[in-house]
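Everything below concerns the one structure shown next.
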Amino acid sequence: MTKARKTPEELRSHRWFGGESMRAFSHRGRWRQLGFEPGDYAGKPIIGIVNTWSEMNTCHGHFPERVQAIKRGVLQAGGFPIELPAISLGEILMKPTTMLYRNLLALETEELLRSYPIDGAVLMGGCDKTTPALLMGASSMNIPSIYVPAGPMLRGYWNGKTLGSGTDHWKYYTEFRAGKVSAETVDEVLAGTARSAGTCMTMGTAATMMSLAETLGMTLPGASSIPAPDSNHAVMATASGRRIVEMVWEDVKPSDIMTRTAFENAITVDMAIGGSTNAIIHLVAMAGRVHVDLPLTRFDDISKTTPWLANIRPSGEHLMEDFYYAGGLRALIAELGDLIDGSCMTVAGTTLGENCTNAEIHNDDVIRRVDNALSPDGGTVVLFGNLALDGCVIKQSAADPSLLNHTGPAVVFKDRADMEARVDDPDLEVTPESVLVLQNAGPVGAPGMPEWGLLPIPKKILAQGVRDMVRISDARMSGTSYGTCVLHVAPEAHVGGTLGLVQDGDLITLDVNGRILNLHVDDAELARRRADWRPHRTIPERGYVSMYAQHVTQANKGCDFDYLQAGMAIEEPEIF
Ligand code: FES
């Protein structure tokens, strides 16, 4: 349905700046302090550029330049650009985890857009949680919005080998723990990896979420695959600035773009790219903001029928720069054919199908053809069982195939500190067949559900040449990681989930084909343990963490705050 074009008097900003009220005089007058006079902005869409740059965010180093490119585009199209700095969630340096602050950025985005005279938003993100947070906030506010993805770094190099961020770090660090490589080598590997601006260039959470934002229709066509330092990235930023101005006049809102069908397309692409397990949590949360319910079973249904095509680390061989040269996301979507509903509208004003018409695969080892897929089904699998009544996930494409159907005795760590203290203890009773269990690392229990799900292999097992074991937790895992790691167990241990009742020696079965995670302890014994169970730690009483713990939902519900999910009206501020 085509909407009527807005008039200047219908702009949201007109409520602040139009007319002859005392406040309107004041708003116009005081903006002169910044050198802005009505001739600059009156009757024009005011575009808020929500910028998640800071010198603590290793992946957004090019944002100061890109802001200028976006502003150029906004001005070219007859809008007025305003930069709005927002909390910068830098995955590397922010502790205990950026996940603790995803909802804070979402809330900040919503409130920035709500409280200021903003007609349309450009959302600048990329490093892991910034993408879902910005889209969650903007879709709750539901004013015209376009997402500018940071883009991946250039590929890494060391000693004649290509390196993937995260993935190769984990690999070389494991060899360091096994005594096979030196600390100098680990340093050199990291130096060879971090060679440009941009996000991790493996198919980690950042690349996954940028790809899914494009699939959802929230970026210009092809935007998510462009490496950050490529001149085409600046061109895309300027074009996004131009486009958002038109979107305001056309009144194209996130609710017009982020539909149920668009989310189903995003799940399909997530499976086809071998995307990060974190994407499941983020997609559920993002969908929850626009009245779309995404049960975990829907991910599994789509996983069963979607081939894995993107041969990118950590599951595959190549890197995001190769993916771009191979045709990028548009080529992959085109290859998926009827598995994608191409009728969904995008911010470009064209459909997803139209955006991908004529997209070609230029290297069919990097982006596989459907008839030569890396696997006939998707990378991520959802499991249920008495150990995960509300579900959990495993990235089967990044796991040792020999462990995907495995029964073994549990070795339990009560929390991260317990694990750090004992995992390399020579007296730890563990064998390669053991199942390592980490409790109290979930949304409430950690809190913030850190990426602790890649439990380290005990040194005595590494010494036997073993590099993978079954590991289970209520934590998440970096999208750049690999291993047989069962993640996001819900309900988590801290809120009384069965995971918190597991004891050393209990037998656990992981059956990926059967979609089962079971603890072999009878109900009477579980009831006895439950009667003795107490929460492992006290949640802080003050500050943001206290609020977080009181309102965060479980992993299967997206870890959003209960009071931010769709259903409550967003009120416009009164202007007096
Ligand atoms: Fe920013 Fe990986 S650390 S995307």
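In the structure tokens, the first chain shown is A, the next is B, and so on; residue numbers restart at 1 for each chain, and ligands run from 1 in the order shown.
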
Polymer residues at most 9 Å from Leu487 of chain A, only C-alpha atoms, same-chain spacing of 4 or more positions, as number ranges by chain: A: 277, 392-395, 453-454, 471-477

Which of segment 73-190 of chain A DSSP labels strand (DSSP E or B), written as a ChimeraX atom specification: /A:80-85,120-125,145-149,152,156-158,161-163

With segment 343-351 of chain A as the partner and 12 Å as the cut-off, tabulate the residues of segment 111-222 of chain A that qualify, each row holding the nearest pair of atoms and their distance in Å to one decimal, using only C-alpha atoms, sorted by chain and rising number, as JSON lines.
```
{"residue": "A:Ala121", "atom": "CA", "partner": "A:Val347", "partner_atom": "CA", "distance": 11.9}
{"residue": "A:Val122", "atom": "CA", "partner": "A:Val347", "partner_atom": "CA", "distance": 11.4}
{"residue": "A:Pro144", "atom": "CA", "partner": "A:Val347", "partner_atom": "CA", "distance": 8.8}
{"residue": "A:Ser145", "atom": "CA", "partner": "A:Val347", "partner_atom": "CA", "distance": 8.0}
{"residue": "A:Ile146", "atom": "CA", "partner": "A:Val347", "partner_atom": "CA", "distance": 6.6}
{"residue": "A:Tyr147", "atom": "CA", "partner": "A:Val347", "partner_atom": "CA", "distance": 9.0}
{"residue": "A:Val148", "atom": "CA", "partner": "A:Val347", "partner_atom": "CA", "distance": 11.4}
{"residue": "A:Ala213", "atom": "CA", "partner": "A:Thr346", "partner_atom": "CA", "distance": 10.3}
{"residue": "A:Glu214", "atom": "CA", "partner": "A:Thr346", "partner_atom": "CA", "distance": 8.5}
{"residue": "A:Thr215", "atom": "CA", "partner": "A:Thr346", "partner_atom": "CA", "distance": 8.6}
{"residue": "A:Leu216", "atom": "CA", "partner": "A:Thr346", "partner_atom": "CA", "distance": 7.4}
{"residue": "A:Gly217", "atom": "CA", "partner": "A:Thr346", "partner_atom": "CA", "distance": 4.0}
{"residue": "A:Met218", "atom": "CA", "partner": "A:Val347", "partner_atom": "CA", "distance": 5.5}
{"residue": "A:Thr219", "atom": "CA", "partner": "A:Val347", "partner_atom": "CA", "distance": 6.3}
{"residue": "A:Leu220", "atom": "CA", "partner": "A:Ala348", "partner_atom": "CA", "distance": 5.6}
{"residue": "A:Pro221", "atom": "CA", "partner": "A:Ala348", "partner_atom": "CA", "distance": 7.3}
{"residue": "A:Gly222", "atom": "CA", "partner": "A:Ala348", "partner_atom": "CA", "distance": 10.9}
```

Please produce a file of the residues just selected, as a short mmCIF file (atom, residue, chain, number, x, y, z; two decimals), in the first residue's frame, where the atoms kept are all heavy atoms.
```
data_model
loop_
_atom_site.label_atom_id
_atom_site.label_comp_id
_atom_site.auth_asym_id
_atom_site.auth_seq_id
_atom_site.Cartn_x
_atom_site.Cartn_y
_atom_site.Cartn_z
N ALA A 121 16.06 8.19 11.09
CA ALA A 121 17.29 7.80 11.78
C ALA A 121 18.20 6.99 10.86
O ALA A 121 17.74 6.13 10.10
CB ALA A 121 16.98 6.98 13.03
N VAL A 122 19.49 7.31 10.93
CA VAL A 122 20.52 6.44 10.35
C VAL A 122 21.21 5.76 11.52
O VAL A 122 21.67 6.44 12.45
CB VAL A 122 21.54 7.24 9.52
CG1 VAL A 122 22.59 6.30 8.94
CG2 VAL A 122 20.84 8.01 8.41
N PRO A 144 10.98 6.34 10.43
CA PRO A 144 11.81 5.87 9.32
C PRO A 144 13.27 5.72 9.74
O PRO A 144 13.84 6.65 10.33
CB PRO A 144 11.61 6.97 8.26
CG PRO A 144 10.23 7.49 8.54
CD PRO A 144 10.10 7.46 10.04
N SER A 145 13.85 4.58 9.43
CA SER A 145 15.21 4.27 9.89
C SER A 145 15.92 3.43 8.85
O SER A 145 15.31 2.57 8.21
CB SER A 145 15.18 3.48 11.21
OG SER A 145 14.46 4.17 12.21
N ILE A 146 17.21 3.67 8.72
CA ILE A 146 18.04 2.86 7.81
C ILE A 146 19.31 2.49 8.57
O ILE A 146 19.81 3.29 9.37
CB ILE A 146 18.36 3.64 6.51
CG1 ILE A 146 18.95 2.74 5.44
CG2 ILE A 146 19.27 4.83 6.77
CD1 ILE A 146 19.00 3.42 4.06
N TYR A 147 19.78 1.29 8.34
CA TYR A 147 20.95 0.80 9.07
C TYR A 147 22.17 0.85 8.16
O TYR A 147 22.12 0.38 7.01
CB TYR A 147 20.68 -0.64 9.53
CG TYR A 147 21.85 -1.32 10.17
CD1 TYR A 147 22.37 -0.87 11.37
CD2 TYR A 147 22.43 -2.43 9.58
CE1 TYR A 147 23.47 -1.49 11.96
CE2 TYR A 147 23.51 -3.07 10.15
CZ TYR A 147 24.03 -2.59 11.34
OH TYR A 147 25.10 -3.21 11.92
N VAL A 148 23.26 1.44 8.68
CA VAL A 148 24.54 1.46 7.96
C VAL A 148 25.50 0.52 8.67
O VAL A 148 25.98 0.83 9.77
CB VAL A 148 25.12 2.89 7.90
CG1 VAL A 148 26.55 2.87 7.34
CG2 VAL A 148 24.24 3.79 7.04
N ALA A 213 20.50 -8.07 9.02
CA ALA A 213 19.88 -6.75 8.91
C ALA A 213 19.58 -6.44 7.45
O ALA A 213 18.52 -5.89 7.11
CB ALA A 213 20.80 -5.68 9.51
N GLU A 214 20.52 -6.81 6.57
CA GLU A 214 20.26 -6.60 5.14
C GLU A 214 19.12 -7.49 4.66
O GLU A 214 18.24 -7.06 3.91
CB GLU A 214 21.53 -6.86 4.31
CG GLU A 214 21.28 -6.67 2.82
CD GLU A 214 22.52 -6.75 1.96
OE1 GLU A 214 23.64 -6.57 2.48
OE2 GLU A 214 22.37 -6.99 0.74
N THR A 215 19.13 -8.75 5.10
CA THR A 215 18.06 -9.66 4.70
C THR A 215 16.70 -9.15 5.18
O THR A 215 15.69 -9.24 4.46
CB THR A 215 18.30 -11.06 5.28
OG1 THR A 215 19.62 -11.48 4.95
CG2 THR A 215 17.29 -12.07 4.75
N LEU A 216 16.67 -8.61 6.37
CA LEU A 216 15.42 -8.05 6.89
C LEU A 216 14.95 -6.87 6.06
O LEU A 216 13.77 -6.50 6.11
CB LEU A 216 15.60 -7.60 8.35
CG LEU A 216 15.61 -8.70 9.40
CD1 LEU A 216 16.12 -8.15 10.73
CD2 LEU A 216 14.22 -9.32 9.57
N GLY A 217 15.85 -6.27 5.31
CA GLY A 217 15.47 -5.14 4.47
C GLY A 217 15.85 -3.80 5.03
O GLY A 217 15.43 -2.77 4.52
N MET A 218 16.70 -3.79 6.08
CA MET A 218 16.98 -2.53 6.77
C MET A 218 18.23 -1.81 6.27
O MET A 218 18.61 -0.77 6.80
CB MET A 218 17.08 -2.78 8.29
CG MET A 218 15.75 -3.17 8.93
SD MET A 218 14.43 -1.93 8.74
CE MET A 218 15.08 -0.58 9.71
N THR A 219 18.92 -2.38 5.26
CA THR A 219 20.08 -1.69 4.65
C THR A 219 19.84 -1.52 3.17
O THR A 219 18.96 -2.18 2.58
CB THR A 219 21.39 -2.49 4.80
OG1 THR A 219 21.37 -3.60 3.87
CG2 THR A 219 21.58 -3.04 6.21
N LEU A 220 20.66 -0.70 2.55
CA LEU A 220 20.65 -0.66 1.09
C LEU A 220 21.18 -2.00 0.55
O LEU A 220 21.91 -2.71 1.25
CB LEU A 220 21.52 0.50 0.60
CG LEU A 220 20.93 1.90 0.86
CD1 LEU A 220 21.84 2.97 0.25
CD2 LEU A 220 19.51 2.05 0.31
N PRO A 221 20.81 -2.36 -0.69
CA PRO A 221 21.23 -3.65 -1.24
C PRO A 221 22.75 -3.81 -1.26
O PRO A 221 23.47 -2.92 -1.70
CB PRO A 221 20.68 -3.61 -2.67
CG PRO A 221 19.57 -2.61 -2.64
CD PRO A 221 19.95 -1.60 -1.60
N GLY A 222 23.19 -4.94 -0.75
CA GLY A 222 24.63 -5.27 -0.80
C GLY A 222 25.46 -4.64 0.30
O GLY A 222 26.65 -4.90 0.42
#
```

Test item: residues lying within 10 Å of ligand 1 with only C-alpha atoms and all ligand atoms, as a ChimeraX atom specification: /A:57-60,89-93,125-130,150-153,165-166,194,197-209,478-480

Write the residues you've just listed into a file as a compact mmCIF listing (two decimals), in the first residue's frame, and include N, CA, C and O atoms for each of them.
```txt
# COMPACT_ATOMS: atom_id res chain seq x y z
N ASN A 57 35.78 1.15 21.18
CA ASN A 57 35.19 0.17 20.27
C ASN A 57 36.16 -0.07 19.11
O ASN A 57 36.32 0.77 18.23
N THR A 58 36.80 -1.23 19.15
CA THR A 58 37.87 -1.52 18.19
C THR A 58 37.37 -1.62 16.75
O THR A 58 38.17 -1.50 15.82
N CYS A 59 36.10 -1.82 16.56
CA CYS A 59 35.57 -2.15 15.23
C CYS A 59 34.95 -0.96 14.50
O CYS A 59 34.61 -1.07 13.33
N HIS A 60 34.78 0.15 15.20
CA HIS A 60 34.07 1.29 14.61
C HIS A 60 35.01 2.47 14.35
O HIS A 60 34.57 3.62 14.34
N LEU A 89 29.15 -0.16 22.25
CA LEU A 89 29.35 -1.50 22.80
C LEU A 89 30.51 -2.17 22.05
O LEU A 89 30.31 -2.76 21.00
N GLY A 90 31.69 -2.04 22.61
CA GLY A 90 32.88 -2.64 21.99
C GLY A 90 33.11 -4.03 22.55
O GLY A 90 33.41 -4.19 23.74
N GLU A 91 32.99 -5.02 21.70
CA GLU A 91 32.99 -6.41 22.14
C GLU A 91 34.26 -6.81 22.88
O GLU A 91 34.24 -7.63 23.80
N ILE A 92 35.38 -6.22 22.50
CA ILE A 92 36.65 -6.69 23.03
C ILE A 92 36.90 -6.18 24.45
O ILE A 92 37.31 -6.94 25.34
N LEU A 93 36.65 -4.91 24.69
CA LEU A 93 37.09 -4.30 25.95
C LEU A 93 36.00 -4.17 26.99
O LEU A 93 36.28 -3.97 28.17
N GLY A 125 26.11 0.86 13.22
CA GLY A 125 26.54 -0.20 14.12
C GLY A 125 27.27 -1.28 13.35
O GLY A 125 27.51 -1.16 12.15
N GLY A 126 27.61 -2.34 14.05
CA GLY A 126 28.29 -3.45 13.40
C GLY A 126 28.85 -4.42 14.43
O GLY A 126 28.59 -5.62 14.38
N CYS A 127 29.64 -3.88 15.38
CA CYS A 127 30.24 -4.78 16.37
C CYS A 127 29.09 -5.45 17.15
O CYS A 127 28.26 -4.79 17.79
N ASP A 128 29.06 -6.74 17.04
CA ASP A 128 28.10 -7.67 17.64
C ASP A 128 26.74 -7.10 18.09
O ASP A 128 25.79 -7.09 17.33
N LYS A 129 26.64 -6.63 19.33
CA LYS A 129 25.33 -6.31 19.90
C LYS A 129 24.78 -4.99 19.37
O LYS A 129 23.60 -4.69 19.58
N THR A 130 25.64 -4.17 18.74
CA THR A 130 25.16 -2.87 18.29
C THR A 130 24.06 -3.02 17.25
O THR A 130 23.10 -2.24 17.25
N ALA A 150 28.84 -1.46 9.75
CA ALA A 150 30.27 -1.08 9.79
C ALA A 150 31.07 -1.80 8.72
O ALA A 150 32.06 -1.28 8.21
N GLY A 151 30.65 -3.02 8.37
CA GLY A 151 31.41 -3.81 7.41
C GLY A 151 32.58 -4.53 8.08
O GLY A 151 33.11 -4.07 9.10
N PRO A 152 32.97 -5.67 7.51
CA PRO A 152 34.05 -6.46 8.12
C PRO A 152 35.43 -5.89 7.83
O PRO A 152 35.65 -5.19 6.86
N MET A 153 36.38 -6.23 8.71
CA MET A 153 37.80 -5.92 8.49
C MET A 153 38.30 -6.64 7.24
O MET A 153 37.69 -7.60 6.75
N SER A 165 39.62 -13.38 12.50
CA SER A 165 39.55 -12.83 13.85
C SER A 165 38.75 -13.78 14.74
O SER A 165 37.78 -14.40 14.31
N GLY A 166 39.15 -13.86 15.97
CA GLY A 166 38.49 -14.77 16.90
C GLY A 166 38.86 -16.20 16.60
O GLY A 166 39.63 -16.83 17.34
N ALA A 194 44.44 -7.87 13.33
CA ALA A 194 43.79 -6.57 13.55
C ALA A 194 44.43 -5.52 12.65
O ALA A 194 45.13 -4.63 13.12
N ALA A 197 40.21 -1.07 10.08
CA ALA A 197 38.92 -0.81 10.73
C ALA A 197 37.93 -1.89 10.29
O ALA A 197 38.12 -2.57 9.28
N GLY A 198 36.87 -2.04 11.07
CA GLY A 198 35.81 -2.98 10.69
C GLY A 198 35.61 -4.05 11.74
O GLY A 198 36.37 -4.19 12.70
N THR A 199 34.56 -4.80 11.55
CA THR A 199 34.19 -5.85 12.50
C THR A 199 35.00 -7.11 12.23
O THR A 199 35.71 -7.21 11.24
N CYS A 200 34.85 -8.09 13.10
CA CYS A 200 35.44 -9.40 12.85
C CYS A 200 35.07 -9.86 11.44
O CYS A 200 33.94 -9.66 11.00
N MET A 201 36.05 -10.45 10.75
CA MET A 201 35.81 -10.80 9.34
C MET A 201 35.58 -12.30 9.14
O MET A 201 35.62 -12.81 8.03
N THR A 202 35.35 -13.00 10.25
CA THR A 202 34.80 -14.35 10.16
C THR A 202 33.28 -14.22 10.20
O THR A 202 32.75 -13.12 10.36
N MET A 203 32.57 -15.34 10.04
CA MET A 203 31.11 -15.27 10.13
C MET A 203 30.73 -15.36 11.60
O MET A 203 30.07 -16.29 12.06
N GLY A 204 31.21 -14.37 12.35
CA GLY A 204 30.86 -14.28 13.77
C GLY A 204 29.54 -13.55 13.92
O GLY A 204 28.78 -13.37 12.95
N THR A 205 29.29 -13.11 15.13
CA THR A 205 28.01 -12.46 15.38
C THR A 205 27.87 -11.17 14.58
O THR A 205 26.79 -10.85 14.06
N ALA A 206 28.97 -10.41 14.45
CA ALA A 206 28.88 -9.14 13.73
C ALA A 206 28.50 -9.36 12.27
O ALA A 206 27.54 -8.76 11.77
N ALA A 207 29.27 -10.21 11.57
CA ALA A 207 28.98 -10.44 10.15
C ALA A 207 27.60 -11.07 9.98
O ALA A 207 26.86 -10.77 9.03
N THR A 208 27.26 -11.95 10.91
CA THR A 208 25.94 -12.58 10.83
C THR A 208 24.84 -11.53 10.96
O THR A 208 23.92 -11.47 10.14
N MET A 209 24.93 -10.69 12.00
CA MET A 209 23.85 -9.74 12.25
C MET A 209 23.78 -8.66 11.16
O MET A 209 22.70 -8.20 10.82
N SER A 478 31.08 -16.96 21.46
CA SER A 478 31.39 -16.04 20.36
C SER A 478 31.04 -16.70 19.03
O SER A 478 31.29 -17.90 18.83
N GLY A 479 30.51 -15.91 18.13
CA GLY A 479 30.19 -16.44 16.80
C GLY A 479 31.42 -16.85 16.03
O GLY A 479 31.34 -17.56 15.03
N THR A 480 32.59 -16.39 16.49
CA THR A 480 33.83 -16.75 15.80
C THR A 480 34.41 -18.06 16.33
O THR A 480 35.43 -18.53 15.84
```

Taking 6 positions as the minimum chain separation for residues in the same chain, which residues sit within 10 Å of Arg23 of chain A when counting only C-alpha atoms? Answer as a tab-separated table (two decimals) with N, CA, C and O atoms, in the first residue's frame.
```
chain	number	residue	atom	x	y	z
A	15	ARG	N	6.79	19.89	15.17
A	15	ARG	CA	6.19	20.14	16.50
A	15	ARG	C	7.15	20.92	17.40
A	15	ARG	O	6.74	21.61	18.31
A	16	TRP	N	8.44	20.76	17.18
A	16	TRP	CA	9.44	21.47	17.98
A	16	TRP	C	9.68	22.89	17.43
A	16	TRP	O	9.83	23.83	18.19
A	17	PHE	N	9.76	22.96	16.08
A	17	PHE	CA	10.29	24.18	15.48
A	17	PHE	C	9.23	25.05	14.79
A	17	PHE	O	9.50	26.22	14.50
A	29	GLY	N	15.73	29.65	18.50
A	29	GLY	CA	16.74	30.61	18.94
A	29	GLY	C	17.98	29.94	19.51
A	29	GLY	O	19.11	30.27	19.15
A	575	ILE	N	5.29	18.76	24.35
A	575	ILE	CA	6.22	19.86	24.10
A	575	ILE	C	5.63	21.15	24.65
A	575	ILE	O	4.68	21.71	24.10
A	576	PHE	N	6.17	21.55	25.77
A	576	PHE	CA	5.73	22.81	26.39
A	576	PHE	C	6.92	23.73	26.57
A	576	PHE	O	8.02	23.27	26.81
```

Distance criterion (only C-alpha atoms): nearest to Ala388 of chain A out of A:Ser26, A:Thr7, A:Asn103, A:Thr509: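 For Ala388 of chain A, the nearest of the candidates is A:Thr509.
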
Which segment 345-397 of chain A residues have any atom within 12 Å of an atom of segment 325-332 of chain A, and for each, what is the nearest pair of atoms with distance in Å to one decimal, counting only C-alpha atoms, rows sorted by chain and number, as a Markdown table?
```
| residue | atom | partner | partner_atom | distance |
| --- | --- | --- | --- | --- |
| A:Leu352 | CA | A:Arg330 | CA | 9.0 |
| A:Gly353 | CA | A:Arg330 | CA | 9.2 |
| A:Glu354 | CA | A:Arg330 | CA | 10.1 |
| A:Asn355 | CA | A:Arg330 | CA | 7.3 |
| A:Cys356 | CA | A:Arg330 | CA | 5.0 |
| A:Thr357 | CA | A:Arg330 | CA | 8.3 |
| A:Asn358 | CA | A:Ala331 | CA | 8.3 |
| A:Ala359 | CA | A:Ala331 | CA | 4.8 |
| A:Glu360 | CA | A:Ala331 | CA | 5.1 |
| A:Ile361 | CA | A:Gly327 | CA | 5.1 |
| A:His362 | CA | A:Ala326 | CA | 4.6 |
| A:Asn363 | CA | A:Ala326 | CA | 4.8 |
| A:Asp364 | CA | A:Ala326 | CA | 7.4 |
| A:Asp365 | CA | A:Ala326 | CA | 8.7 |
| A:Val366 | CA | A:Ala326 | CA | 6.4 |
| A:Ile367 | CA | A:Leu332 | CA | 6.5 |
| A:Arg368 | CA | A:Leu332 | CA | 8.3 |
| A:Arg369 | CA | A:Leu332 | CA | 8.6 |
| A:Val370 | CA | A:Leu332 | CA | 9.7 |
| A:Ala373 | CA | A:Leu332 | CA | 11.5 |
```

Minimum-distance residue to Arg534 of chain A, chosen among A:Ile82, A:Leu501, A:Ala490, A:Leu510 (using only C-alpha atoms):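 Among A:Ile82, A:Leu501, A:Ala490, A:Leu510, it is A:Leu501 that comes nearest to Arg534 of chain A.
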
Residue list (alpha helix (DSSP H), DSSP) for segment 240-314 of chain A, as a ChimeraX atom specification: /A:240-250,254-257,260-272,278-288,296-305

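Residue nearest Ser434 of chain A within the list A:Ala106, A:Leu75, A:Val466, A:Ala133: A:Val466 [criterion: smallest interatomic distance, only C-alpha atoms].
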
Contacts of Pro401 of chain A within 10 Å, only C-alpha atoms, excl. fewer than 6 positions in-chain, as a ChimeraX atom specification: /A:483-484,512

Give me the residues of segment 252-371 of chain A that have any atom at most 9 Å from an atom of segment 226-239 of chain A; for each, the nearest atom pair and the distance in Å, rounded to one decimal. Use only C-alpha atoms, sort by chain and number, and format it as JSON lines.
```
{"residue": "A:Met320", "atom": "CA", "partner": "A:Pro227", "partner_atom": "CA", "distance": 7.7}
{"residue": "A:Glu321", "atom": "CA", "partner": "A:Pro227", "partner_atom": "CA", "distance": 6.2}
{"residue": "A:Tyr324", "atom": "CA", "partner": "A:Ile226", "partner_atom": "CA", "distance": 6.2}
{"residue": "A:Gly328", "atom": "CA", "partner": "A:Ile226", "partner_atom": "CA", "distance": 8.0}
```

Take the residues from that selection and put them in a file with all heavy atoms, as an mmCIF file, in the first residue's frame.
```cif
data_model
loop_
_atom_site.group_PDB
_atom_site.id
_atom_site.type_symbol
_atom_site.label_atom_id
_atom_site.label_comp_id
_atom_site.auth_asym_id
_atom_site.auth_seq_id
_atom_site.Cartn_x
_atom_site.Cartn_y
_atom_site.Cartn_z
ATOM 1 N N MET A 320 35.259 -12.945 5.265
ATOM 2 C CA MET A 320 34.215 -12.074 4.722
ATOM 3 C C MET A 320 34.687 -11.263 3.516
ATOM 4 O O MET A 320 33.898 -10.950 2.631
ATOM 5 C CB MET A 320 33.678 -11.140 5.815
ATOM 6 C CG MET A 320 32.822 -11.819 6.862
ATOM 7 S SD MET A 320 31.411 -12.722 6.180
ATOM 8 C CE MET A 320 30.399 -11.385 5.539
ATOM 9 N N GLU A 321 35.986 -10.930 3.473
ATOM 10 C CA GLU A 321 36.483 -10.213 2.291
ATOM 11 C C GLU A 321 36.318 -11.102 1.050
ATOM 12 O O GLU A 321 35.929 -10.624 -0.027
ATOM 13 C CB GLU A 321 37.959 -9.836 2.514
ATOM 14 C CG GLU A 321 38.479 -8.842 1.502
ATOM 15 C CD GLU A 321 39.934 -8.460 1.749
ATOM 16 O OE1 GLU A 321 40.474 -8.730 2.847
ATOM 17 O OE2 GLU A 321 40.539 -7.882 0.830
ATOM 18 N N TYR A 324 32.721 -11.083 -0.077
ATOM 19 C CA TYR A 324 32.374 -9.879 -0.852
ATOM 20 C C TYR A 324 32.776 -10.071 -2.310
ATOM 21 O O TYR A 324 31.987 -9.838 -3.227
ATOM 22 C CB TYR A 324 33.081 -8.681 -0.229
ATOM 23 C CG TYR A 324 32.868 -7.373 -0.946
ATOM 24 C CD1 TYR A 324 31.592 -6.869 -1.180
ATOM 25 C CD2 TYR A 324 33.962 -6.613 -1.382
ATOM 26 C CE1 TYR A 324 31.404 -5.648 -1.814
ATOM 27 C CE2 TYR A 324 33.778 -5.392 -2.018
ATOM 28 C CZ TYR A 324 32.501 -4.920 -2.235
ATOM 29 O OH TYR A 324 32.318 -3.716 -2.867
ATOM 30 N N GLY A 328 28.969 -11.664 -2.478
ATOM 31 C CA GLY A 328 28.334 -11.122 -1.275
ATOM 32 C C GLY A 328 26.949 -11.696 -1.008
ATOM 33 O O GLY A 328 26.511 -12.667 -1.638
#
```

With segment 550-562 of chain A as the partner and 9 Å as the cut-off, tabulate the residues of segment 246-336 of chain A that qualify, each row holding the nearest pair of atoms and their distance in Å to one decimal, using only C-alpha atoms, sorted by chain and rising number, as a Markdown table.
```
| residue | atom | partner | partner_atom | distance |
| --- | --- | --- | --- | --- |
| A:Ile280 | CA | A:Gly558 | CA | 7.7 |
| A:Ile281 | CA | A:Gly558 | CA | 4.4 |
| A:His282 | CA | A:Gly558 | CA | 6.0 |
| A:Leu283 | CA | A:Gly558 | CA | 7.3 |
| A:Val284 | CA | A:Gly558 | CA | 4.9 |
| A:Ala285 | CA | A:Gly558 | CA | 4.3 |
| A:Met286 | CA | A:Gly558 | CA | 8.0 |
| A:Gly288 | CA | A:Gly558 | CA | 8.0 |
| A:Leu294 | CA | A:Lys557 | CA | 8.5 |
| A:Pro295 | CA | A:Asn556 | CA | 7.5 |
| A:Leu296 | CA | A:Asn556 | CA | 6.6 |
```

Taking N, CA and C atoms for each residue, export the selection above as a compact mmCIF listing (two decimals), in the first residue's frame.
```
# COMPACT_ATOMS: atom_id res chain seq x y z
N ILE A 280 20.22 -16.21 17.01
CA ILE A 280 18.90 -16.72 17.41
C ILE A 280 18.33 -15.84 18.52
N ILE A 281 19.16 -15.56 19.52
CA ILE A 281 18.70 -14.70 20.62
C ILE A 281 18.31 -13.32 20.08
N HIS A 282 19.16 -12.76 19.24
CA HIS A 282 18.90 -11.40 18.76
C HIS A 282 17.66 -11.34 17.85
N LEU A 283 17.51 -12.32 16.99
CA LEU A 283 16.33 -12.29 16.10
C LEU A 283 15.03 -12.41 16.91
N VAL A 284 15.04 -13.28 17.92
CA VAL A 284 13.85 -13.42 18.77
C VAL A 284 13.53 -12.08 19.44
N ALA A 285 14.57 -11.42 19.94
CA ALA A 285 14.36 -10.13 20.63
C ALA A 285 13.88 -9.06 19.65
N MET A 286 14.51 -9.01 18.48
CA MET A 286 14.12 -7.99 17.49
C MET A 286 12.68 -8.22 17.04
N GLY A 288 10.40 -9.63 18.70
CA GLY A 288 9.50 -9.32 19.82
C GLY A 288 9.13 -7.85 19.87
N LEU A 294 8.74 -15.61 17.50
CA LEU A 294 9.60 -16.58 16.82
C LEU A 294 9.98 -17.68 17.81
N PRO A 295 9.22 -18.76 17.88
CA PRO A 295 9.62 -19.85 18.77
C PRO A 295 10.87 -20.54 18.25
N LEU A 296 11.66 -21.12 19.16
CA LEU A 296 12.90 -21.78 18.74
C LEU A 296 12.63 -22.89 17.73
```

Proximity to Gly156 of chain A - best of A:Val444, A:Ile333, A:Val381, A:Leu190, only C-alpha atoms: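 Closest to Gly156 of chain A, using only C-alpha atoms: A:Leu190.
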